[in-house]
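This is structure_12.csv (CSV, C-alpha atoms and all ligand atoms).
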```csv
chain,number,residue,atom,x,y,z
A,1,ILE,CA,33.5,19.9,45.6
A,2,PRO,CA,29.8,20.3,45.0
A,3,ILE,CA,29.2,18.6,41.7
A,4,GLN,CA,25.8,19.6,40.4
A,5,LYS,CA,25.9,18.2,36.9
A,6,ILE,CA,27.9,15.7,34.9
A,7,THR,CA,27.7,15.5,31.1
A,8,LEU,CA,29.1,12.6,29.1
A,9,HIS,CA,30.0,13.9,25.6
A,10,LYS,CA,30.7,11.0,23.3
A,11,LEU,CA,32.9,12.0,20.4
A,12,ARG,CA,34.0,10.4,17.3
A,13,MET,CA,37.2,11.7,15.8
A,14,ARG,CA,39.4,10.4,12.9
A,15,MET,CA,43.2,10.7,13.0
A,16,LYS,CA,44.9,12.1,10.0
A,17,ASN,CA,47.0,9.0,9.7
A,18,PRO,CA,46.6,5.4,10.8
A,19,PHE,CA,48.8,4.4,13.7
A,20,GLN,CA,50.2,0.9,13.5
A,21,THR,CA,51.4,-1.1,16.6
A,22,SER,CA,52.2,-4.7,17.1
A,23,PHE,CA,48.6,-5.3,18.3
A,24,GLY,CA,46.8,-3.6,15.4
A,25,THR,CA,46.1,-0.3,13.5
A,26,LEU,CA,44.2,2.6,15.1
A,27,GLN,CA,42.6,5.5,13.1
A,28,ASN,CA,39.1,6.1,14.3
A,29,LYS,CA,38.8,7.2,17.9
A,30,GLU,CA,35.7,7.3,20.0
A,31,LEU,CA,36.1,9.0,23.4
A,32,PHE,CA,34.1,10.6,26.2
A,33,ILE,CA,34.7,14.1,27.4
A,34,ILE,CA,33.4,14.1,30.9
A,35,GLU,CA,32.2,17.4,32.1
A,36,THR,CA,31.7,18.1,35.8
A,37,GLU,CA,29.9,21.3,36.8
A,38,ASP,CA,29.4,23.1,40.1
A,39,ALA,CA,26.6,25.6,41.0
A,40,GLU,CA,28.7,28.6,40.1
A,41,GLY,CA,29.2,27.4,36.6
A,42,ASN,CA,32.8,26.2,36.9
A,43,ARG,CA,33.4,23.2,34.6
A,44,GLY,CA,36.0,20.5,34.9
A,45,TYR,CA,37.0,18.2,32.0
A,46,GLY,CA,38.3,14.7,31.7
A,47,GLU,CA,38.8,12.4,28.7
A,48,SER,CA,38.5,8.7,28.4
A,49,VAL,CA,41.3,6.9,26.7
A,50,ALA,CA,40.2,3.3,26.1
A,51,PHE,CA,40.0,2.4,22.5
A,52,THR,CA,37.0,0.8,20.7
A,53,GLU,CA,38.8,-2.6,20.7
A,54,PRO,CA,40.4,-4.3,23.8
A,55,TRP,CA,43.8,-4.8,22.2
A,56,TYR,CA,46.0,-2.6,24.4
A,57,THR,CA,44.2,-3.3,27.7
A,58,GLU,CA,40.8,-5.0,28.4
A,59,GLU,CA,38.8,-1.8,28.5
A,60,THR,CA,36.8,-0.4,25.6
A,61,VAL,CA,34.7,2.7,24.9
A,62,ALA,CA,31.6,0.6,25.7
A,63,THR,CA,32.9,-0.7,29.0
A,64,THR,CA,33.9,2.9,29.9
A,65,GLU,CA,30.3,4.0,29.3
A,66,HIS,CA,28.9,1.1,31.3
A,67,MET,CA,31.2,1.8,34.2
A,68,LEU,CA,30.6,5.5,34.3
A,69,ILE,CA,26.9,5.3,34.1
A,70,ASP,CA,26.2,2.3,36.2
A,71,PHE,CA,28.9,2.5,38.9
A,72,LEU,CA,31.3,5.5,38.9
A,73,ILE,CA,28.9,8.4,38.6
A,74,PRO,CA,26.6,7.0,41.3
A,75,LEU,CA,29.5,6.4,43.6
A,76,LEU,CA,31.0,9.8,43.0
A,77,THR,CA,27.8,11.6,43.7
A,78,GLU,CA,26.3,9.6,46.6
A,79,LYS,CA,28.1,11.7,49.1
A,80,PRO,CA,30.3,14.8,48.8
A,81,ILE,CA,34.1,14.8,48.5
A,82,ASP,CA,36.5,17.6,49.8
A,83,HIS,CA,39.5,16.8,47.6
A,84,PRO,CA,40.0,15.0,44.3
A,85,ARG,CA,42.4,12.5,46.0
A,86,GLU,CA,39.3,11.0,47.7
A,87,VAL,CA,38.0,9.8,44.3
A,88,THR,CA,40.5,7.0,44.1
A,89,GLU,CA,39.5,5.7,47.5
A,90,ARG,CA,35.8,6.0,46.6
A,91,PHE,CA,36.4,4.0,43.4
A,92,ALA,CA,38.5,1.3,45.1
A,93,VAL,CA,35.4,-0.9,45.5
A,94,ILE,CA,35.3,-1.3,41.7
A,95,ARG,CA,38.0,-3.7,40.5
A,96,ARG,CA,40.2,-2.3,37.7
A,97,ASN,CA,38.4,-0.4,34.9
A,98,ASN,CA,41.2,2.1,35.4
A,99,MET,CA,40.6,4.1,32.2
A,100,ALA,CA,36.9,4.7,33.1
A,101,LYS,CA,37.9,5.7,36.6
A,102,ALA,CA,40.6,8.1,35.4
A,103,SER,CA,38.3,9.8,32.9
A,104,ILE,CA,36.0,11.1,35.6
A,105,GLU,CA,38.7,11.6,38.3
A,106,GLY,CA,40.5,13.9,35.8
A,107,ALA,CA,37.3,15.9,35.4
A,108,VAL,CA,37.1,16.3,39.2
A,109,TRP,CA,40.8,17.4,39.5
A,110,ASP,CA,40.2,20.0,36.8
A,111,LEU,CA,37.0,21.3,38.5
A,112,TYR,CA,38.9,21.4,41.8
A,113,ALA,CA,41.7,23.4,40.3
A,114,LYS,CA,39.3,25.8,38.6
A,115,ARG,CA,37.4,26.4,41.8
A,116,LYS,CA,40.7,27.3,43.5
A,117,ASN,CA,41.8,29.3,40.4
A,118,ILE,CA,45.1,27.5,40.2
A,119,SER,CA,46.5,25.4,37.4
A,120,LEU,CA,46.2,21.7,37.4
A,121,SER,CA,50.0,21.5,37.3
A,122,GLU,CA,50.1,23.6,40.6
A,123,ALA,CA,47.3,21.5,42.1
A,124,LEU,CA,49.3,18.4,41.5
A,125,GLY,CA,52.6,19.9,42.8
A,126,GLY,CA,54.2,20.4,39.4
A,127,SER,CA,57.4,22.4,39.2
A,128,GLN,CA,58.5,22.3,35.6
A,129,GLU,CA,57.5,25.3,33.6
A,130,THR,CA,58.3,23.7,30.3
A,131,ILE,CA,58.4,20.0,29.5
A,132,ASP,CA,60.4,18.0,27.0
A,133,VAL,CA,58.5,16.3,24.3
A,134,GLY,CA,59.2,13.1,22.3
A,135,ILE,CA,57.0,11.3,19.7
A,136,SER,CA,55.9,7.8,19.2
A,137,LEU,CA,56.0,6.7,15.6
A,138,GLY,CA,53.9,3.7,14.4
A,139,ILE,CA,55.2,0.9,12.3
A,140,ALA,CA,55.9,2.2,8.8
A,141,PRO,CA,55.1,0.3,5.6
A,142,THR,CA,58.8,0.5,4.5
A,143,THR,CA,62.2,1.3,6.1
A,144,ASP,CA,62.6,4.3,3.7
A,145,GLU,CA,59.2,5.7,4.9
A,146,LEU,CA,60.3,5.2,8.5
A,147,LEU,CA,63.6,7.1,7.9
A,148,ASP,CA,61.7,10.0,6.3
A,149,ARG,CA,59.3,10.1,9.3
A,150,VAL,CA,62.2,10.1,11.8
A,151,GLN,CA,64.0,12.8,9.9
A,152,GLU,CA,60.9,15.0,9.8
A,153,LYS,CA,60.4,14.7,13.6
A,154,LEU,CA,64.0,15.3,14.5
A,155,ASP,CA,63.9,18.4,12.2
A,156,ALA,CA,60.8,19.5,14.1
A,157,GLY,CA,62.8,19.3,17.3
A,158,TYR,CA,61.3,16.3,19.0
A,159,LYS,CA,63.7,15.2,21.8
A,160,ARG,CA,63.1,11.5,21.7
A,161,ILE,CA,61.9,9.3,19.0
A,162,LYS,CA,60.0,6.1,19.9
A,163,LEU,CA,59.6,3.5,17.2
A,164,LYS,CA,57.0,0.8,17.4
A,165,ILE,CA,58.4,-2.6,16.7
A,166,LYS,CA,57.1,-6.2,16.2
A,167,PRO,CA,58.6,-9.5,15.1
A,168,GLY,CA,59.6,-9.0,11.5
A,169,PHE,CA,59.9,-5.2,11.9
A,170,ASP,CA,62.7,-4.7,14.4
A,171,ILE,CA,66.5,-5.2,14.1
A,172,ASP,CA,66.8,-4.5,10.4
A,173,PRO,CA,64.8,-1.2,10.2
A,174,LEU,CA,66.3,-0.1,13.6
A,175,THR,CA,69.8,-0.7,12.3
A,176,GLU,CA,69.1,1.5,9.4
A,177,VAL,CA,67.6,4.2,11.6
A,178,ARG,CA,70.6,4.1,13.9
A,179,ARG,CA,73.0,4.3,11.0
A,180,GLU,CA,71.2,7.3,9.5
A,181,PHE,CA,70.8,9.1,12.9
A,182,PRO,CA,73.8,8.1,15.0
A,183,ASP,CA,73.1,10.8,17.7
A,184,ALA,CA,69.3,10.6,18.0
A,185,GLN,CA,67.6,9.7,21.3
A,186,LEU,CA,65.9,6.5,20.2
A,187,MET,CA,63.8,4.0,22.0
A,188,VAL,CA,61.4,1.2,20.9
A,189,ASP,CA,58.1,-0.1,22.0
A,190,ALA,CA,57.0,-3.7,21.3
A,191,ASN,CA,53.5,-3.6,23.0
A,192,SER,CA,54.0,-7.2,24.3
A,193,ALA,CA,54.9,-8.8,21.0
A,194,TYR,CA,57.7,-11.0,22.2
A,195,THR,CA,58.4,-13.8,24.7
A,196,LEU,CA,61.4,-15.1,26.6
A,197,GLU,CA,62.1,-17.4,23.6
A,198,ASP,CA,63.1,-14.3,21.7
A,199,MET,CA,65.8,-13.5,24.2
A,200,ALA,CA,68.7,-14.0,21.8
A,201,HIS,CA,66.9,-11.9,19.2
A,202,LEU,CA,66.2,-9.1,21.7
A,203,LYS,CA,69.8,-9.1,22.8
A,204,GLN,CA,70.8,-7.7,19.4
A,205,LEU,CA,69.1,-4.5,20.5
A,206,ASP,CA,72.0,-3.9,22.9
A,207,THR,CA,74.2,-2.8,19.9
A,208,LEU,CA,71.8,0.0,18.9
A,209,ASP,CA,72.3,2.4,21.8
A,210,LEU,CA,68.6,2.6,22.6
A,211,MET,CA,67.4,4.7,25.6
A,212,MET,CA,65.1,1.8,26.5
A,213,ILE,CA,62.8,-1.0,25.2
A,214,GLU,CA,59.2,-0.6,26.3
A,215,GLN,CA,57.0,-3.6,27.2
A,216,PRO,CA,58.7,-6.3,25.2
A,217,LEU,CA,57.0,-9.2,26.9
A,218,GLY,CA,53.5,-10.1,28.3
A,219,HIS,CA,51.1,-7.3,29.0
A,220,ASP,CA,50.5,-8.7,32.5
A,221,ASP,CA,54.0,-9.9,33.2
A,222,ILE,CA,56.7,-8.7,35.6
A,223,VAL,CA,58.6,-12.0,36.2
A,224,ASP,CA,59.8,-12.7,32.6
A,225,HIS,CA,60.7,-9.0,32.2
A,226,ALA,CA,63.0,-9.3,35.3
A,227,MET,CA,64.7,-12.3,33.6
A,228,LEU,CA,65.1,-10.4,30.4
A,229,GLN,CA,66.4,-7.3,32.1
A,230,GLN,CA,69.1,-9.6,33.7
A,231,ALA,CA,70.1,-10.7,30.2
A,232,ILE,CA,70.1,-7.5,28.3
A,233,GLU,CA,71.8,-4.1,28.8
A,234,THR,CA,69.1,-2.0,27.2
A,235,PRO,CA,66.9,-0.6,30.0
A,236,ILE,CA,63.4,-2.1,30.1
A,237,CYS,CA,60.5,0.3,30.4
A,238,LEU,CA,57.1,-1.1,31.5
A,239,ASP,CA,53.9,0.2,30.1
A,240,GLU,CA,51.0,-2.3,30.0
A,241,SER,CA,52.3,-4.2,33.1
A,242,ILE,CA,51.9,-1.3,35.4
A,243,ASN,CA,48.3,-0.7,36.3
A,244,SER,CA,48.7,0.6,39.9
A,245,PHE,CA,51.1,1.8,42.5
A,246,GLU,CA,51.4,-1.8,43.8
A,247,ASP,CA,52.3,-3.0,40.3
A,248,ALA,CA,55.1,-0.4,40.1
A,249,ARG,CA,56.4,-1.3,43.6
A,250,LYS,CA,56.5,-5.0,42.7
A,251,ALA,CA,58.1,-4.5,39.3
A,252,ILE,CA,60.8,-2.3,40.8
A,253,GLU,CA,61.3,-4.7,43.7
A,254,LEU,CA,61.8,-7.5,41.2
A,255,GLY,CA,64.1,-5.6,38.9
A,256,SER,CA,61.7,-5.9,36.0
A,257,CYS,CA,62.3,-2.4,34.7
A,258,GLN,CA,64.6,0.6,35.0
A,259,VAL,CA,62.0,3.0,33.6
A,260,VAL,CA,58.2,3.4,34.0
A,261,ASN,CA,55.9,4.8,31.4
A,262,ILE,CA,53.1,6.5,33.4
A,263,LYS,CA,49.7,6.8,31.7
A,264,ILE,CA,47.0,8.4,33.8
A,265,GLY,CA,44.3,6.2,32.3
A,266,ARG,CA,46.1,3.0,32.6
A,267,VAL,CA,46.8,3.5,36.4
A,268,GLY,CA,43.3,4.8,37.2
A,269,GLY,CA,43.8,8.5,37.5
A,270,LEU,CA,46.1,11.5,38.4
A,271,THR,CA,46.3,10.6,42.1
A,272,GLU,CA,47.6,7.1,41.4
A,273,ALA,CA,49.9,8.5,38.7
A,274,LYS,CA,51.4,11.0,41.1
A,275,ARG,CA,51.9,8.2,43.7
A,276,ILE,CA,53.8,6.1,41.2
A,277,HIS,CA,55.9,9.2,40.2
A,278,ASP,CA,56.8,9.9,43.8
A,279,TYR,CA,57.7,6.3,44.5
A,280,CYS,CA,59.9,6.1,41.4
A,281,ALA,CA,61.6,9.3,42.4
A,282,GLU,CA,62.5,7.8,45.8
A,283,LYS,CA,63.8,4.6,44.1
A,284,GLY,CA,65.8,6.4,41.4
A,285,ILE,CA,63.6,5.0,38.7
A,286,ALA,CA,63.1,7.4,35.7
A,287,VAL,CA,59.5,8.0,34.6
A,288,TRP,CA,57.9,9.6,31.6
A,289,CYS,CA,54.4,10.3,30.5
A,290,GLY,CA,53.0,8.0,27.8
A,291,GLY,CA,50.2,8.8,25.5
A,292,MET,CA,47.0,7.2,24.3
A,293,LEU,CA,46.5,9.2,21.1
A,294,GLU,CA,44.4,11.5,23.1
A,295,ALA,CA,42.5,14.5,21.9
A,296,GLY,CA,43.3,17.9,23.6
A,297,VAL,CA,41.7,17.4,26.9
A,298,GLY,CA,43.6,14.2,27.6
A,299,ARG,CA,46.8,15.7,26.3
A,300,ALA,CA,46.3,18.7,28.7
A,301,HIS,CA,46.1,16.3,31.6
A,302,ASN,CA,49.3,14.6,30.5
A,303,ILE,CA,51.1,18.0,30.2
A,304,ALA,CA,50.0,19.0,33.8
A,305,LEU,CA,51.2,15.6,35.1
A,306,THR,CA,54.5,15.8,33.3
A,307,SER,CA,55.3,19.1,35.1
A,308,LEU,CA,56.1,16.9,38.2
A,309,PRO,CA,59.8,16.9,38.9
A,310,ASN,CA,60.7,13.3,38.2
A,311,PHE,CA,59.3,13.3,34.6
A,312,THR,CA,62.9,13.5,33.3
A,313,VAL,CA,62.5,11.6,30.0
A,314,PRO,CA,60.6,13.4,27.2
A,315,GLY,CA,56.9,12.2,27.0
A,316,ASP,CA,54.6,11.2,24.2
A,317,THR,CA,52.8,14.5,24.0
A,318,ALA,CA,53.4,15.5,20.4
A,319,ALA,CA,51.5,18.4,18.8
A,320,SER,CA,47.8,18.2,18.1
A,321,ALA,CA,48.2,19.0,14.4
A,322,LEU,CA,50.1,15.8,13.8
A,323,TYR,CA,47.0,13.8,14.7
A,324,TRP,CA,43.9,15.9,14.2
A,325,GLU,CA,42.6,18.3,11.5
A,326,GLN,CA,41.0,20.1,14.3
A,327,ASP,CA,41.4,19.6,18.1
A,328,ILE,CA,38.8,20.2,20.8
A,329,ILE,CA,40.9,22.6,22.8
A,330,THR,CA,42.1,26.1,22.1
A,331,PRO,CA,44.9,26.8,21.7
A,332,GLU,CA,45.7,23.4,20.5
A,333,VAL,CA,48.9,21.7,21.8
A,334,THR,CA,52.0,23.1,20.1
A,335,VAL,CA,55.6,22.0,20.4
A,336,GLN,CA,58.5,24.5,20.0
A,337,ASN,CA,62.1,23.2,19.9
A,338,GLY,CA,60.8,20.0,21.4
A,339,GLU,CA,59.2,21.7,24.4
A,340,ILE,CA,55.7,22.5,25.6
A,341,THR,CA,55.1,25.4,27.9
A,342,VAL,CA,53.0,24.2,30.8
A,343,PRO,CA,49.9,26.4,30.9
A,344,THR,CA,49.4,28.6,33.9
A,345,GLY,CA,45.7,29.3,33.5
A,346,ALA,CA,43.1,27.7,35.9
A,347,GLY,CA,42.7,23.9,35.7
A,348,ILE,CA,43.9,22.2,32.5
A,349,GLY,CA,44.8,25.7,31.2
A,350,PHE,CA,43.3,25.2,27.8
A,351,ASP,CA,39.8,26.3,26.8
A,352,ILE,CA,37.4,23.8,25.3
A,353,ASP,CA,36.5,24.6,21.7
A,354,TYR,CA,32.8,24.0,22.1
A,355,GLU,CA,32.1,24.3,18.4
A,356,ALA,CA,34.7,21.6,17.6
A,357,MET,CA,33.4,19.4,20.4
A,358,GLU,CA,29.9,19.7,19.1
A,359,LYS,CA,31.0,18.8,15.6
A,360,PHE,CA,32.5,15.5,16.8
A,361,THR,CA,29.7,14.7,19.3
A,362,ILE,CA,27.7,11.5,18.5
A,363,ASP,CA,25.9,11.2,21.8
A,364,GLN,CA,25.4,13.1,25.0
A,365,LYS,CA,24.1,12.1,28.4
A,366,VAL,CA,23.3,14.6,31.3
A,367,PHE,CA,23.1,13.7,35.0
A,368,GLU,CA,21.9,16.3,37.4
A,369,PHE,CA,22.1,16.2,41.2
B,1,LIG,O1,52.1,1.7,23.9
B,1,LIG,O2,52.4,3.7,24.3
B,1,LIG,C1,51.8,2.9,23.7
B,1,LIG,C2,49.3,4.4,21.2
B,1,LIG,C3,48.3,3.6,21.4
B,1,LIG,C4,48.3,2.5,22.3
B,1,LIG,C5,49.5,2.3,23.0
B,1,LIG,C6,50.6,3.1,22.8
B,1,LIG,C7,50.5,4.2,21.9
B,1,LIG,C8,51.6,5.1,21.6
B,1,LIG,C9,51.2,6.5,21.1
B,1,LIG,O3,52.8,4.8,21.7
B,1,LIG,C10,51.5,7.5,22.1
B,1,LIG,C11,50.8,8.8,21.7
B,1,LIG,O4,51.3,9.6,20.9
B,1,LIG,O5,49.7,9.1,22.3
B,2,MG,MG,53.7,1.5,25.1
```

Serialized structure, structure tokens:
Amino acid sequence: IPIQKITLHKLRMRMKNPFQTSFGTLQNKELFIIETEDAEGNRGYGESVAFTEPWYTEETVATTEHMLIDFLIPLLTEKPIDHPREVTERFAVIRRNNMAKASIEGAVWDLYAKRKNISLSEALGGSQETIDVGISLGIAPTTDELLDRVQEKLDAGYKRIKLKIKPGFDIDPLTEVRREFPDAQLMVDANSAYTLEDMAHLKQLDTLDLMMIEQPLGHDDIVDHAMLQQAIETPICLDESINSFEDARKAIELGSCQVVNIKIGRVGGLTEAKRIHDYCAEKGIAVWCGGMLEAGVGRAHNIALTSLPNFTVPGDTAASALYWEQDIITPEVTVQNGEITVPTGAGIGFDIDYEAMEKFTIDQKVFEF
């Protein structure tokens, strides 16, 4: 894959609505669109998913830029690669910084698929032509407001509703939601807001018929989660704790979870994401694709990944229009009857809306080789 040029487009976008989690509220997004180009003018795209603050993981927009410019771009371009899977090995000398790694690895995958004129889904070995879609709803100011939001998303066809929870906003609003929507596929995500001392409290979740509880305990824990899973019936899903194939292997070995949320950025790229997917399939562990409130390029990568066969739980890939006045891809991501049709065009299968991208661009750096 002869990469001749890499462009870092730094964008600033504002979400239509603030998104509240147990760790804080997100509304302004800064992100990099990484563009890789070959001599024939094929262009691959990746998107960085770290937030401006290190609340979800330790990475930020600034550390992403530092890693890309000072380490990852030089490593990627020092000698040629034949296949995108080699990027992960090449980057292995850099500890962690998974979101920075994934942003450029994704751009290499897209370029690879475009050069072969196949879809990214096909390049990854995807088999699902349509994928089921759920939505993650932030913490609402009131329970009534939450009920309205859930109703709206169920009416729109979303197949799984994930509710963010935190101490003080959990059992009571959830009980109301369950009472109002007895048949809805509901799950919750705590983003590490609890400890084992909350065991008795968390056990009350077992009466709510939840699909799973995502990351209740420490962001870097798998031991306490195993103890909690022993004590509660609701399946535990790990998000923050799984930053690699090895993390997934150990968590499953320990019985820390029954479900894994796979995020491409969190695990360092598509190659690692697929490895985790394959391993979980072997072990009978369900997986689904999480989201990072990405713009269209990042969502397109999530959609391609989700086409792999063991993504059996609806992912967090809701429609662009719920987040953005204007997205940077065309067509934007749309959801019909809770499903997205996996694009069949080359690479990510969505075109970049260059005009929109330019509108949101606050900085641009070009590297030529
Ligand atoms: O924990 O999955 C999470 C958003 C920001 C940070 C962490 C998480 C989330 C979401 C939103 O749940 C998922 C999405 O719609 O992109
Ligand atoms: Mg989560």

Mind dumping a table of every chain A residue within 12 Å of ligand MG 2 (chain B), with the nearest atom pair and its distance in Å to one decimal, using all atoms listed in the file, sorted by chain and rising number, as CSV?
```
residue,atom,partner,partner_atom,distance
A:Thr21,CA,B:MG2,MG,9.2
A:Ser22,CA,B:MG2,MG,10.2
A:Phe23,CA,B:MG2,MG,10.9
A:Tyr56,CA,B:MG2,MG,8.8
A:Thr57,CA,B:MG2,MG,11.0
A:Ile135,CA,B:MG2,MG,11.7
A:Ser136,CA,B:MG2,MG,8.9
A:Leu137,CA,B:MG2,MG,11.1
A:Gly138,CA,B:MG2,MG,10.9
A:Lys162,CA,B:MG2,MG,9.4
A:Leu163,CA,B:MG2,MG,10.1
A:Lys164,CA,B:MG2,MG,8.4
A:Ile165,CA,B:MG2,MG,10.5
A:Met187,CA,B:MG2,MG,10.9
A:Val188,CA,B:MG2,MG,8.8
A:Asp189,CA,B:MG2,MG,5.6
A:Ala190,CA,B:MG2,MG,7.2
A:Asn191,CA,B:MG2,MG,5.5
A:Ser192,CA,B:MG2,MG,8.7
A:Ala193,CA,B:MG2,MG,11.2
A:Met212,CA,B:MG2,MG,11.5
A:Ile213,CA,B:MG2,MG,9.4
A:Glu214,CA,B:MG2,MG,6.0
A:Gln215,CA,B:MG2,MG,6.4
A:Pro216,CA,B:MG2,MG,9.3
A:Leu217,CA,B:MG2,MG,11.3
A:His219,CA,B:MG2,MG,10.0
A:Ile236,CA,B:MG2,MG,11.5
A:Cys237,CA,B:MG2,MG,8.7
A:Leu238,CA,B:MG2,MG,7.7
A:Asp239,CA,B:MG2,MG,5.2
A:Glu240,CA,B:MG2,MG,6.8
A:Ser241,CA,B:MG2,MG,9.9
A:Ile242,CA,B:MG2,MG,10.8
A:Val259,CA,B:MG2,MG,12.0
A:Val260,CA,B:MG2,MG,10.2
A:Asn261,CA,B:MG2,MG,7.4
A:Ile262,CA,B:MG2,MG,9.7
A:Lys263,CA,B:MG2,MG,9.4
A:Arg266,CA,B:MG2,MG,10.8
A:Trp288,CA,B:MG2,MG,11.2
A:Cys289,CA,B:MG2,MG,10.3
A:Gly290,CA,B:MG2,MG,7.1
A:Gly291,CA,B:MG2,MG,8.1
A:Met292,CA,B:MG2,MG,8.8
A:Leu293,CA,B:MG2,MG,11.3
A:Gly315,CA,B:MG2,MG,11.3
A:Asp316,CA,B:MG2,MG,9.8
```

Using all atoms listed in the file, which protein or nucleic acid residues come within 8 Å of segment 275-281 of chain A? Drop anything in the same chain fewer than 6 positions from it, and give the result as a PyMOL selection string. chain A and resi 244-245+248-249+262+287+308+310-311

Check the smallest atom-to-atom distance from each of A:Ile348, A:Ser127, A:Ala356, A:Trp109 to Glu325 of chain A using all atoms listed in the file, then report the winner. A:Ala356

Nearest-residue call for His301 of chain A, choices A:Gln229, A:Ser48, A:Thr142, A:Gln258, using only C-alpha atoms: A:Ser48

With all atoms listed in the file as the counted atoms, please give the residues lying no more than 10 Å from Leu146 of chain A, apart from itself and same-chain residues fewer than 6 positions off, as a VMD selection string. chain A and resid 137 to 140 152 163 173 to 174 176 to 177

Output of the above residues as a short mmCIF file (atom, residue, chain, number, x, y, z; two decimals), in the frame of the given file, restricted to C-alpha atoms:
```cif
data_model
loop_
_atom_site.label_atom_id
_atom_site.label_comp_id
_atom_site.auth_asym_id
_atom_site.auth_seq_id
_atom_site.Cartn_x
_atom_site.Cartn_y
_atom_site.Cartn_z
CA LEU A 137 56.00 6.70 15.60
CA GLY A 138 53.90 3.70 14.40
CA ILE A 139 55.20 0.90 12.30
CA ALA A 140 55.90 2.20 8.80
CA GLU A 152 60.90 15.00 9.80
CA LEU A 163 59.60 3.50 17.20
CA PRO A 173 64.80 -1.20 10.20
CA LEU A 174 66.30 -0.10 13.60
CA GLU A 176 69.10 1.50 9.40
CA VAL A 177 67.60 4.20 11.60
#
```

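Of the listed residues A:Thr175, A:Asn97, A:Ser256, A:Gln185, the one whose atoms come nearest to Tyr158 of chain A is A:Gln185, with distances taken using all atoms listed in the file.
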
Would you give me, as a tab-separated table, each residue of segment 251-298 of chain A having an atom within 9 Å of an atom of segment 78-96 of chain A, along with its shortest atom pair and that distance in Å to one decimal, using only C-alpha atoms and sorting by chain and residue number?
```
residue	atom	partner	partner_atom	distance
A:Val267	CA	A:Arg96	CA	8.9
A:Gly268	CA	A:Arg96	CA	7.8
A:Gly269	CA	A:Thr88	CA	7.5
A:Leu270	CA	A:Arg85	CA	8.5
A:Thr271	CA	A:Arg85	CA	5.8
A:Glu272	CA	A:Thr88	CA	7.6
```

So which residues fall inside 7 Å of (33.1, 19.7, 44.2) if we count all atoms listed in the file? Mind giving them as a compact mmCIF listing (two decimals) with C-alpha atoms, keeping the file's coordinate frame?
```txt
# COMPACT_ATOMS: atom_id res chain seq x y z
CA ILE A 1 33.50 19.90 45.60
CA PRO A 2 29.80 20.30 45.00
CA ILE A 3 29.20 18.60 41.70
CA ASP A 38 29.40 23.10 40.10
CA ILE A 81 34.10 14.80 48.50
CA ASP A 82 36.50 17.60 49.80
CA TYR A 112 38.90 21.40 41.80
```

When you count all atoms listed in the file, which of these residues is closest to Ile329 of chain A: A:Leu228, A:Ala295, A:Ile264, A:Ala113? A:Ala295

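Using only C-alpha atoms and all ligand atoms, the smallest distance between any of A:Ala318, A:Val342, A:Met211, A:Ile362 and ligand LIG 1 (chain B) comes from A:Ala318.
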
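Put simply, atom CA of Met199 of chain A is 16.5 Å away from atom CA of Asp172 of chain A.
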
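Atom pair atom CA of Ala100 of chain A / atom CA of Thr77 of chain A has a distance of 15.6 Å (rounded to one decimal).
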
Top pick for closest residue to ligand LIG 1 (chain B), considering A:Asp209, A:Glu53, A:Asp327, A:Asp148 and counting all atoms listed in the file: A:Glu53

Selection near Asp351 of chain A, 10 Å with all atoms listed in the file, sequence-local residues under 5 positions removed, as a count of residues only: 9

Segment 118-120 of chain A surroundings by all atoms listed in the file, 10 Å radius, close-in-sequence under 2 positions cut, as a PyMOL selection string: chain A and resi 106+109-116+122-126+300-301+303-305+307+342-349
